[in-house]
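Asker: Before anything else, here's the structure in question.
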Amino acid sequence: MIDFFNLKKINEQYRAEIEQALKNVLDSGRYVLGEQVAAFEIEFARYCGVKHCISVANGMDALAQIIKAYGFSSGDEIIVPANTYIASILAISQNRCSPVLVEPELLGYNIDPSAIEDKITKNTKAIIPVHLYGRICDMAAINRLARQYNLKIIEDAAQAHGAVYEGKKAGALGDAAAFSFYPTKNLGCLGDGGAITTNDDGLAEKLRYLRNYGSREKYINRFKGSNSRLDELQAAVLKIKLKYLDDENRKRRAIAKFYISNIKNSKTTLPQYQDDSHVFHLFVIRTQNRDQLKRYLESVGIETGIHYPIPPHKQQAYIELARLSLPVTERIHREVLSIPAHIALTREEISEIVEAINGYQ
């Protein structure tokens, strides 16, 4: 079986470094908000090209903390793509704001900038462009709208570590950005983790309070915060893996380029290749016979995934959004299939995947 993801194999190449780093943390006796977290925050901010990185417990918390720090309140609207993972929308609801769903572009899968303006009202406070599957949104167009209507731009960069757009990395393309370090991400730790990047000094200062019970001095609470902290062990792992991120992204692009050049099945639609603006966290194809193709590939020993089978507005959790007409989103969720594209794949496995898809009738 060719695994869709093989985290053990991916992390094995760094095993010695990781074991030593974890031992160092264990020996230090400091496990929360210590030297490893501080060092990783500096290194990741430098990597993204911003002034500040504030690490948190996970990617959804990163989004939710940004929204909270801006002080948005009940009735405020935040524009978000309709085909994103539900966490992007949950972060809005968690702050009692209203998610306003906008259709994506059919070929690029990211939010369609031409569809945003019609959704802007006097209550709109922000836009969350989600760099889905590792492909940067059309940030020039989105930022023009944000300036015109005085809106905040909060990047959801959970799948776009290291992606570059017009010379800037994901995380430096708006007012603030949220990252996830879930183990399957391009930059993943060995559990949950997340971070916020920004150039806004005041926002960064408030976020450092909010992630730690609203406190920066023990037992002195300035804000109504929460407990959302990246631990020292995960920060130590991320420091190691950050060194290899650009090289791993190059490997992902090489796999994607091979797929795009060699998959020749008229029943499938392949993703667009955009060089550095796409880091292929996932390689997602589309086909009208998605479930049949999935079963066929599994029958020949190739594991696949679906990202995502049910759109947020069709989930029971958001029954109030079920009335929305979102045909592009619904088509995408009906047709998408993710095939293996992780860096531990061998050339033989990649060729086998191509051959299998080309042989599908």
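Residue numbers start at 1 in each chain; chains themselves are named A, B, ... in the order of the structure tokens; ligands are numbered from 1 in the order shown.
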Mind checking which residues fall within 10 Å of region 62-65 of chain A, counting only C-alpha atoms, ignoring those fewer than 3 positions away in the same chain, and posting them as a PDB file with C-alpha atoms, in the first residue's frame?
Answerer:
ATOM      1  CA  ILE A  54       3.251  34.567  18.701  1.00  0.00           C
ATOM      2  CA  SER A  55       2.974  30.804  19.125  1.00  0.00           C
ATOM      3  CA  VAL A  56      -0.271  29.244  20.337  1.00  0.00           C
ATOM      4  CA  ALA A  57      -1.754  25.800  20.933  1.00  0.00           C
ATOM      5  CA  ASN A  58      -3.112  25.117  17.432  1.00  0.00           C
ATOM      6  CA  GLY A  59      -4.124  26.666  14.139  1.00  0.00           C
ATOM      7  CA  LYS A  68     -10.483  38.336  19.616  1.00  0.00           C
ATOM      8  CA  ALA A  69      -7.499  40.666  19.767  1.00  0.00           C
ATOM      9  CA  TYR A  70      -9.081  42.969  17.201  1.00  0.00           C
ATOM     10  CA  GLY A  71     -12.091  43.306  19.478  1.00  0.00           C
ATOM     11  CA  ALA A  87     -11.955  25.441  11.533  1.00  0.00           C
ATOM     12  CA  SER A  88     -11.688  28.737   9.631  1.00  0.00           C
ATOM     13  CA  ILE A  89     -15.387  29.326  10.251  1.00  0.00           C
ATOM     14  CA  LEU A  90     -15.448  27.976  13.797  1.00  0.00           C
ATOM     15  CA  ALA A  91     -12.856  30.595  14.771  1.00  0.00           C
ATOM     16  CA  ILE A  92     -15.281  33.298  13.631  1.00  0.00           C
ATOM     17  CA  SER A  93     -18.268  31.790  15.457  1.00  0.00           C
ATOM     18  CA  GLN A  94     -16.199  31.308  18.603  1.00  0.00           C
ATOM     19  CA  ASN A  95     -15.909  35.096  18.785  1.00  0.00           C
ATOM     20  CA  ILE A 128      -9.964  35.720   5.842  1.00  0.00           C
ATOM     21  CA  ILE A 154      -6.331  37.801   8.374  1.00  0.00           C
ATOM     22  CA  GLU A 155      -4.493  35.141   6.385  1.00  0.00           C
ATOM     23  CA  ASP A 156      -5.350  31.529   7.077  1.00  0.00           C
ATOM     24  CA  ALA A 157      -1.932  30.145   6.161  1.00  0.00           C
ATOM     25  CA  ALA A 158      -2.433  26.787   7.877  1.00  0.00           C
ATOM     26  CA  ALA A 176      -1.999  39.135  10.613  1.00  0.00           C
ATOM     27  CA  ALA A 177      -1.791  35.458   9.744  1.00  0.00           C
ATOM     28  CA  ALA A 178      -2.617  32.143  11.390  1.00  0.00           C
ATOM     29  CA  PHE A 179      -0.532  28.981  10.983  1.00  0.00           C
ATOM     30  CA  SER A 180      -1.130  25.405  12.058  1.00  0.00           C
ATOM     31  CA  GLY A 193       0.678  23.633  17.557  1.00  0.00           C
ATOM     32  CA  GLY A 194       0.038  26.979  15.921  1.00  0.00           C
ATOM     33  CA  ALA A 195       1.332  30.503  15.506  1.00  0.00           C
ATOM     34  CA  ILE A 196       0.348  34.036  14.559  1.00  0.00           C
ATOM     35  CA  THR A 197       2.545  36.358  12.502  1.00  0.00           C
ATOM     36  CA  LYS A 206      -2.133  41.911  23.135  1.00  0.00           C
ATOM     37  CA  LEU A 207      -1.864  38.406  21.673  1.00  0.00           C
ATOM     38  CA  ARG A 208       0.964  37.537  24.044  1.00  0.00           C
ATOM     39  CA  LEU A 210      -4.410  36.560  25.432  1.00  0.00           C
ATOM     40  CA  ARG A 211      -2.645  33.221  24.912  1.00  0.00           C
ATOM     41  CA  GLY A 225      -7.545  35.487  27.941  1.00  0.00           C
ATOM     42  CA  SER A 226      -7.293  31.759  27.450  1.00  0.00           C
ATOM     43  CA  SER A 228      -3.316  28.550  24.310  1.00  0.00           C
TER      44      SER A 228
END
Asker: Apply DSSP to the structure's backbone, then extract all residues of region 116-317 of chain A labelled strand (DSSP E) and return them as a PyMOL selection string.
Answerer: chain A and resi 124-127+152-156+164-165+168-169+176-180+194-198+215-217+220-221+283-286
Asker: What does the file look like for those residues with C-alpha atoms, as a compact mmCIF listing (two decimals), in the first residue's frame?
Answerer:
# COMPACT_ATOMS: atom_id res chain seq x y z
CA THR A 124 -17.98 43.75 7.56
CA LYS A 125 -14.79 43.95 9.60
CA ALA A 126 -12.34 41.54 7.96
CA ILE A 127 -11.57 39.10 5.18
CA LYS A 152 -8.56 43.78 8.19
CA ILE A 153 -6.88 40.94 6.28
CA ILE A 154 -6.33 37.80 8.37
CA GLU A 155 -4.49 35.14 6.39
CA ASP A 156 -5.35 31.53 7.08
CA VAL A 164 5.73 33.00 -1.77
CA TYR A 165 3.62 35.68 -3.46
CA LYS A 168 6.66 37.90 0.20
CA LYS A 169 5.98 34.73 2.13
CA ALA A 176 -2.00 39.14 10.61
CA ALA A 177 -1.79 35.46 9.74
CA ALA A 178 -2.62 32.14 11.39
CA PHE A 179 -0.53 28.98 10.98
CA SER A 180 -1.13 25.40 12.06
CA GLY A 194 0.04 26.98 15.92
CA ALA A 195 1.33 30.50 15.51
CA ILE A 196 0.35 34.04 14.56
CA THR A 197 2.55 36.36 12.50
CA THR A 198 2.15 40.11 12.20
CA SER A 215 -1.40 37.69 31.70
CA ARG A 216 2.29 38.42 31.15
CA GLU A 217 3.08 38.67 34.84
CA ILE A 220 -1.79 39.69 37.09
CA ASN A 221 -4.49 39.46 34.40
CA PHE A 283 -2.16 17.56 -4.48
CA VAL A 284 -5.86 17.65 -5.24
CA ILE A 285 -7.41 16.38 -8.45
CA ARG A 286 -11.05 16.64 -9.41
Asker: Point out the residue among A:Ala344, A:Leu106, A:Ala39, A:Ile67 with the least atom-to-atom distance to Ala82 (chain A), counting only C-alpha atoms.
Answerer: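 Closest to Ala82 (chain A) of all the choices is A:Leu106.
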Asker: Pick out the closest residue to Ile78 (chain A) from this set: A:Ser98, A:Thr304, A:Asn249, A:Ser28. Count only C-alpha atoms.
Answerer: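 The closest residue to Ile78 (chain A) is A:Ser98.
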Asker: Rank nothing, just name the residue among A:Ile2, A:Leu230, A:Ile42, A:Ile79 nearest to Asn212 (chain A), using only C-alpha atoms.
Answerer: A:Leu230
Asker: List the spatial neighbours of region 10-23 of chain A as a list in words - criterion: any atom at most 10 Å away, only C-alpha atoms, same-chain residues fewer than 2 positions off excluded.
Answerer: Phe5, Asn6, Leu7, Lys8, Val25, Leu26, Asp27, Ser28, Gln36, Pro183, Thr184, Gly188, Cys189, Leu190, Glu232, Leu233, Gln234, Ala235, Ala236, Val237, Leu238, Lys239, Ile240, Lys241, Tyr244, His342, Ile343, Ala344 and Leu345 of chain A
Asker: Based on the backbone DSSP call, show me all residues of region 66-300 of chain A assigned helix (DSSP H, G or I), as a ChimeraX atom specification.
Answerer: /A:66-69,86-94,113-115,117-119,132-134,139-149,201-210,232-242,245-262,275-277,290-299
Asker: What is the distance, in Å and to one decimal place, between CA of Asn262 (chain A) and CA of Asp138 (chain A)?
Answerer: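 Result for CA of Asn262 (chain A) versus CA of Asp138 (chain A): 27.4 Å, one decimal.
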